[in-house]
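A.B. asks: Just query.cif, nothing more (mmCIF, C-alpha atoms and all ligand atoms):
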data_target
#
loop_
_atom_site.label_atom_id
_atom_site.label_comp_id
_atom_site.auth_asym_id
_atom_site.auth_seq_id
_atom_site.Cartn_x
_atom_site.Cartn_y
_atom_site.Cartn_z
CA MET A 134 0.00 0.00 0.00
CA GLN A 135 1.05 3.60 -0.42
CA ILE A 136 1.85 5.51 2.74
CA THR A 137 3.05 9.00 3.55
CA VAL A 138 5.03 9.39 6.75
CA HIS A 139 6.18 12.80 7.92
CA ILE A 140 9.66 12.34 9.33
CA ASN A 141 11.33 15.33 10.97
CA GLY A 142 8.99 17.62 9.05
CA THR A 143 9.49 16.07 5.62
CA ALA A 144 6.80 13.93 3.95
CA HIS A 145 8.03 10.58 2.65
CA THR A 146 5.66 8.74 0.32
CA ALA A 147 6.32 5.13 -0.66
CA GLU A 148 4.75 1.82 -1.60
CA VAL A 149 5.34 -0.63 1.26
CA GLU A 150 4.40 -4.15 2.21
CA PRO A 151 1.97 -4.16 5.16
CA ARG A 152 4.51 -6.16 7.21
CA LEU A 153 7.30 -3.56 6.85
CA LEU A 154 8.43 -2.33 10.26
CA LEU A 155 8.76 1.39 10.86
CA VAL A 156 12.42 1.04 11.86
CA HIS A 157 13.23 -0.52 8.48
CA PHE A 158 11.24 2.15 6.67
CA ILE A 159 13.22 4.84 8.50
CA ARG A 160 16.64 3.26 8.09
CA GLU A 161 16.45 1.56 4.70
CA ARG A 162 13.84 3.47 2.72
CA VAL A 163 14.43 6.97 4.05
CA GLY A 164 18.12 6.48 4.89
CA LEU A 165 18.10 7.85 8.45
CA THR A 166 20.36 5.45 10.32
CA GLY A 167 20.44 7.25 13.66
CA THR A 168 17.56 5.00 14.74
CA HIS A 169 19.31 1.85 15.90
CA ILE A 170 18.25 -1.79 16.06
CA GLY A 171 19.48 -3.55 19.20
CA CYS A 172 17.19 -6.48 19.85
CA ASP A 173 14.24 -6.44 17.45
CA THR A 174 12.03 -7.71 20.28
CA THR A 175 10.86 -4.51 22.09
CA ASN A 176 13.38 -4.91 24.89
CA CYS A 177 16.23 -2.48 24.43
CA GLY A 178 14.64 0.76 23.21
CA ALA A 179 17.48 1.54 20.78
CA CYS A 180 14.89 1.91 18.01
CA THR A 181 12.77 4.47 19.89
CA VAL A 182 11.29 7.31 17.85
CA LEU A 183 8.46 9.72 18.57
CA VAL A 184 5.15 9.27 16.75
CA ASP A 185 3.02 12.36 17.19
CA GLY A 186 5.25 13.19 20.15
CA VAL A 187 4.86 9.83 21.89
CA PRO A 188 7.85 7.45 22.25
CA ILE A 189 7.36 4.11 20.49
CA LYS A 190 9.69 1.23 19.75
CA SER A 191 9.85 1.25 15.98
CA CYS A 192 10.98 -2.40 15.78
CA THR A 193 7.49 -3.49 16.76
CA TYR A 194 5.47 -0.80 14.99
CA LEU A 195 4.41 -1.17 11.38
CA ALA A 196 5.26 1.52 8.87
CA VAL A 197 1.61 1.55 7.79
CA GLN A 198 0.62 2.51 11.36
CA ALA A 199 2.63 5.69 10.89
CA ASN A 200 0.77 6.65 7.73
CA GLY A 201 -0.16 10.33 7.98
CA ARG A 202 1.62 10.74 11.32
CA GLN A 203 4.54 12.91 12.45
CA VAL A 204 7.64 10.92 13.30
CA THR A 205 10.67 12.41 15.02
CA THR A 206 14.02 10.65 14.88
CA VAL A 207 17.29 11.72 16.46
CA GLU A 208 18.19 13.49 13.22
CA GLY A 209 15.21 15.81 13.80
CA MET A 210 16.14 16.96 17.29
CA ALA A 211 18.60 19.73 16.48
CA ARG A 212 17.48 22.98 14.92
CA GLY A 213 19.99 23.49 12.19
CA ARG A 214 23.37 23.62 13.93
CA GLU A 215 21.83 24.22 17.36
CA LEU A 216 21.59 21.09 19.45
CA HIS A 217 18.37 20.27 21.29
CA PRO A 218 18.86 20.93 25.04
CA VAL A 219 18.69 17.18 25.66
CA GLN A 220 21.51 16.63 23.19
CA GLN A 221 23.48 19.39 24.89
CA GLY A 222 22.81 17.76 28.26
CA PHE A 223 24.16 14.40 27.10
CA LYS A 224 27.27 16.19 25.84
CA GLU A 225 27.78 18.30 28.97
CA GLN A 226 27.14 15.50 31.47
CA HIS A 227 28.84 12.69 29.54
CA GLY A 228 25.56 10.81 29.20
CA LEU A 229 26.96 8.34 26.72
CA GLN A 230 29.86 6.04 26.08
CA CYS A 231 29.42 3.86 22.97
CA GLY A 232 26.35 5.87 21.94
CA PHE A 233 24.27 2.93 20.77
CA CYS A 234 21.40 3.58 23.16
CA THR A 235 21.73 7.36 22.93
CA PRO A 236 19.24 8.27 20.16
CA GLY A 237 16.46 6.38 21.93
CA MET A 238 17.46 7.73 25.33
CA MET A 239 17.43 11.29 24.05
CA LEU A 240 14.05 10.93 22.37
CA VAL A 241 12.30 9.47 25.44
CA SER A 242 13.93 12.21 27.51
CA SER A 243 12.70 14.94 25.15
CA ALA A 244 9.17 13.53 25.35
CA LEU A 245 9.39 13.52 29.16
CA LEU A 246 10.51 17.16 29.26
CA ALA A 247 7.82 18.22 26.80
CA ASP A 248 5.28 16.87 29.31
CA ASN A 249 7.06 17.61 32.55
CA PRO A 250 9.56 20.48 32.61
CA ASP A 251 10.68 19.78 36.17
CA PRO A 252 10.92 16.00 36.59
CA SER A 253 12.20 14.35 39.75
CA GLU A 254 15.02 11.82 39.51
CA GLU A 255 12.36 9.13 39.92
CA ASP A 256 10.37 10.60 37.01
CA ILE A 257 13.48 10.52 34.82
CA ARG A 258 14.36 6.97 35.77
CA TRP A 259 10.78 5.88 35.09
CA ALA A 260 10.77 7.62 31.69
CA ILE A 261 13.96 5.87 30.55
CA SER A 262 13.08 2.53 32.12
CA GLY A 263 12.17 1.00 28.76
CA ASN A 264 15.59 1.81 27.33
CA LEU A 265 18.67 -0.23 28.14
CA CYS A 266 22.22 1.08 28.36
CA ARG A 267 25.12 -1.35 28.60
CA CYS A 268 27.76 1.28 29.28
CA THR A 269 26.94 4.19 31.52
CA GLY A 270 25.25 2.76 34.59
CA TYR A 271 22.49 5.32 33.88
CA GLN A 272 23.63 7.94 36.41
CA ASN A 273 25.12 10.27 33.81
CA ILE A 274 22.04 9.86 31.63
CA VAL A 275 19.91 11.01 34.56
CA GLU A 276 22.28 13.95 35.11
CA ALA A 277 22.04 14.81 31.40
CA VAL A 278 18.25 14.94 31.55
CA LYS A 279 18.36 17.08 34.71
CA TRP A 280 20.80 19.43 32.93
CA ALA A 281 18.45 19.66 29.92
CA ALA A 282 15.43 20.29 32.16
CA ARG A 283 17.25 23.18 33.86
CA ARG A 284 18.36 24.61 30.52
CA MET A 285 14.85 24.37 29.06
CA ARG A 286 13.29 26.03 32.11
CA GLU A 287 15.87 28.82 31.97
CA THR A 288 15.28 29.44 28.28
CA ASN A 289 11.57 28.53 28.26
CA ASP A 290 12.39 26.16 25.44
CA ALA A 291 9.94 23.27 25.75
CA ASP A 292 9.39 22.85 22.03
CA ALA A 293 10.99 19.64 20.79
CA ALA A 294 9.13 19.62 17.49
CA PRO A 295 11.14 19.03 14.35
CA ALA A 296 11.63 21.78 11.80
CA SER A 297 9.09 21.72 8.99
CA GLY A 298 10.29 20.70 5.56
CA GLY A 299 9.19 19.65 2.09
CA ALA A 300 8.04 16.42 0.53
CA THR A 301 10.16 13.58 -0.83
CA SER A 302 9.52 10.11 -2.09
CA ALA A 303 11.22 7.21 -0.37
CA SER A 304 13.02 4.85 -2.71
CA ALA A 305 11.66 2.06 -4.88
CA PRO A 306 8.65 0.00 -3.81
CA GLU A 307 9.24 -3.22 -1.86
FE1 LIG B 1 13.51 -2.15 19.18
FE2 LIG B 1 15.38 -3.20 20.77
S1 LIG B 1 15.48 -2.80 18.63
S2 LIG B 1 13.42 -2.41 21.33
FE1 LIG B 2 26.64 2.33 25.22
FE2 LIG B 2 24.39 3.26 26.29
S1 LIG B 2 26.21 4.34 25.90
S2 LIG B 2 24.72 1.31 25.41
#
As structure tokens, please, write out the structure in this file.
Ligand code: FES
Ligand code: FES
C.D. replies:
Amino acid sequence: MQITVHINGTAHTAEVEPRLLLVHFIRERVGLTGTHIGCDTTNCGACTVLVDGVPIKSCTYLAVQANGRQVTTVEGMARGRELHPVQQGFKEQHGLQCGFCTPGMMLVSSALLADNPDPSEEDIRWAISGNLCRCTGYQNIVEAVKWAARRMRETNDADAAPASGGATSASAPE
């Protein structure tokens, strides 16, 4: 079937098989490889993206379910050359080591802060509880989210929406 998925503000129209997973649509058809695949079984959260602002694990979400929806991937977090406050927080607080979990961690964190600008440590740990990190021990991730929350409150910058863009067609049909 033909679908149109708006990814980071750009419409991508393509013919897809109904079984195609959103993560494969994003990585292989659109070419955005910042969304990682860690387990393929809804455990690790590496494939997390936002669909209409809500974190979902794109390894167990069909591309056709995203038809007509707004998807945000890690590539859509920055505004031009300006990092999203959550990205800045991960940089400032050393919230990553290998970086494999980082796109998903940053997206769930941005969704948390869009809903709750002043989360407790417990709120942060709950928000990231569906995302696994093998490297950091989580403490620096929590510090990164706290840093971002402070920065966003100081600058009143709670808008994590991607920049708007034009329309493209994803590559050849399945
Ligand atoms: Fe989707 Fe692990 S790859 S949850
Ligand atoms: Fe390596 Fe999280 S930084 S898995």
A.B. asks: Name each residue within 10 Å of ligand LIG 1 (chain B), counting only C-alpha atoms and all ligand atoms, as JSON, numbers by chain.
C.D. replies: {"A": [156, 168, 169, 170, 171, 172, 173, 174, 175, 176, 177, 178, 179, 180, 181, 182, 189, 190, 191, 192, 193, 194, 234, 237, 263, 264, 265]}
A.B. asks: Can you tell me, as number ranges by chain, what residues are no more than 7 Å from region 214-229 of chain A when counting only C-alpha atoms, ignoring any on the same chain fewer than 3 positions away?
C.D. replies: A: 210-211, 232, 235, 239, 243, 269, 273-274, 276-278, 280-281, 284-285
A.B. asks: By how many Å are CA of Arg283 (chain A) and CA of Gln203 (chain A) apart?
C.D. replies: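 CA of Gln203 (chain A) lies at a distance of 26.9 Å from CA of Arg283 (chain A).
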A.B. asks: Just to confirm, what's the straight-line distance from CA of Thr146 (chain A) to CA of Glu208 (chain A) in Å (one decimal)?
C.D. replies: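 Separating CA of Thr146 (chain A) from CA of Glu208 (chain A) is a distance of 18.6 Å.
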A.B. asks: Between CA of Val163 (chain A) and CA of Pro236 (chain A), measure the distance and give it in Å to one decimal.
C.D. replies: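 Interatomic distance here is 16.9 Å.
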A.B. asks: Provide region 156-169 of chain A rebuilt to N, CA, C and O atoms, formatted as a PDB file, in the frame of the given file.
C.D. replies:
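This went into rebuild11.pdb:
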ATOM      1  N   VAL A 156      10.967   0.839  11.762  1.00  0.00           N
ATOM      2  CA  VAL A 156      12.420   1.040  11.860  1.00  0.00           C
ATOM      3  C   VAL A 156      13.103   0.763  10.523  1.00  0.00           C
ATOM      4  O   VAL A 156      14.049   1.460  10.142  1.00  0.00           O
ATOM      5  N   HIS A 157      12.619  -0.219   9.776  1.00  0.00           N
ATOM      6  CA  HIS A 157      13.230  -0.520   8.480  1.00  0.00           C
ATOM      7  C   HIS A 157      12.851   0.541   7.454  1.00  0.00           C
ATOM      8  O   HIS A 157      13.658   0.875   6.579  1.00  0.00           O
ATOM      9  N   PHE A 158      11.629   1.052   7.560  1.00  0.00           N
ATOM     10  CA  PHE A 158      11.240   2.150   6.670  1.00  0.00           C
ATOM     11  C   PHE A 158      12.174   3.338   6.896  1.00  0.00           C
ATOM     12  O   PHE A 158      12.690   3.936   5.952  1.00  0.00           O
ATOM     13  N   ILE A 159      12.397   3.678   8.167  1.00  0.00           N
ATOM     14  CA  ILE A 159      13.220   4.840   8.500  1.00  0.00           C
ATOM     15  C   ILE A 159      14.666   4.637   8.041  1.00  0.00           C
ATOM     16  O   ILE A 159      15.271   5.502   7.411  1.00  0.00           O
ATOM     17  N   ARG A 160      15.222   3.481   8.363  1.00  0.00           N
ATOM     18  CA  ARG A 160      16.640   3.260   8.090  1.00  0.00           C
ATOM     19  C   ARG A 160      16.919   2.964   6.606  1.00  0.00           C
ATOM     20  O   ARG A 160      17.854   3.509   6.026  1.00  0.00           O
ATOM     21  N   GLU A 161      16.094   2.074   6.030  1.00  0.00           N
ATOM     22  CA  GLU A 161      16.450   1.560   4.700  1.00  0.00           C
ATOM     23  C   GLU A 161      15.745   2.300   3.569  1.00  0.00           C
ATOM     24  O   GLU A 161      16.306   2.429   2.483  1.00  0.00           O
ATOM     25  N   ARG A 162      14.553   2.788   3.796  1.00  0.00           N
ATOM     26  CA  ARG A 162      13.840   3.470   2.720  1.00  0.00           C
ATOM     27  C   ARG A 162      14.115   4.968   2.746  1.00  0.00           C
ATOM     28  O   ARG A 162      14.221   5.608   1.714  1.00  0.00           O
ATOM     29  N   VAL A 163      14.198   5.519   3.944  1.00  0.00           N
ATOM     30  CA  VAL A 163      14.430   6.970   4.050  1.00  0.00           C
ATOM     31  C   VAL A 163      15.930   7.262   4.238  1.00  0.00           C
ATOM     32  O   VAL A 163      16.393   8.349   3.913  1.00  0.00           O
ATOM     33  N   GLY A 164      16.668   6.294   4.779  1.00  0.00           N
ATOM     34  CA  GLY A 164      18.120   6.480   4.890  1.00  0.00           C
ATOM     35  C   GLY A 164      18.573   7.188   6.148  1.00  0.00           C
ATOM     36  O   GLY A 164      19.702   7.677   6.221  1.00  0.00           O
ATOM     37  N   LEU A 165      17.717   7.238   7.179  1.00  0.00           N
ATOM     38  CA  LEU A 165      18.100   7.850   8.450  1.00  0.00           C
ATOM     39  C   LEU A 165      18.544   6.744   9.405  1.00  0.00           C
ATOM     40  O   LEU A 165      17.712   6.041   9.991  1.00  0.00           O
ATOM     41  N   THR A 166      19.843   6.598   9.575  1.00  0.00           N
ATOM     42  CA  THR A 166      20.360   5.450  10.320  1.00  0.00           C
ATOM     43  C   THR A 166      20.675   5.763  11.774  1.00  0.00           C
ATOM     44  O   THR A 166      21.253   4.938  12.476  1.00  0.00           O
ATOM     45  N   GLY A 167      20.260   6.941  12.244  1.00  0.00           N
ATOM     46  CA  GLY A 167      20.440   7.250  13.660  1.00  0.00           C
ATOM     47  C   GLY A 167      19.509   6.438  14.552  1.00  0.00           C
ATOM     48  O   GLY A 167      19.740   6.324  15.759  1.00  0.00           O
ATOM     49  N   THR A 168      18.452   5.885  13.992  1.00  0.00           N
ATOM     50  CA  THR A 168      17.560   5.000  14.740  1.00  0.00           C
ATOM     51  C   THR A 168      18.154   3.600  14.692  1.00  0.00           C
ATOM     52  O   THR A 168      18.257   3.001  13.627  1.00  0.00           O
ATOM     53  N   HIS A 169      18.559   3.097  15.860  1.00  0.00           N
ATOM     54  CA  HIS A 169      19.310   1.850  15.900  1.00  0.00           C
ATOM     55  C   HIS A 169      18.417   0.635  16.135  1.00  0.00           C
ATOM     56  O   HIS A 169      17.290   0.773  16.622  1.00  0.00           O
TER      57      HIS A 169
END
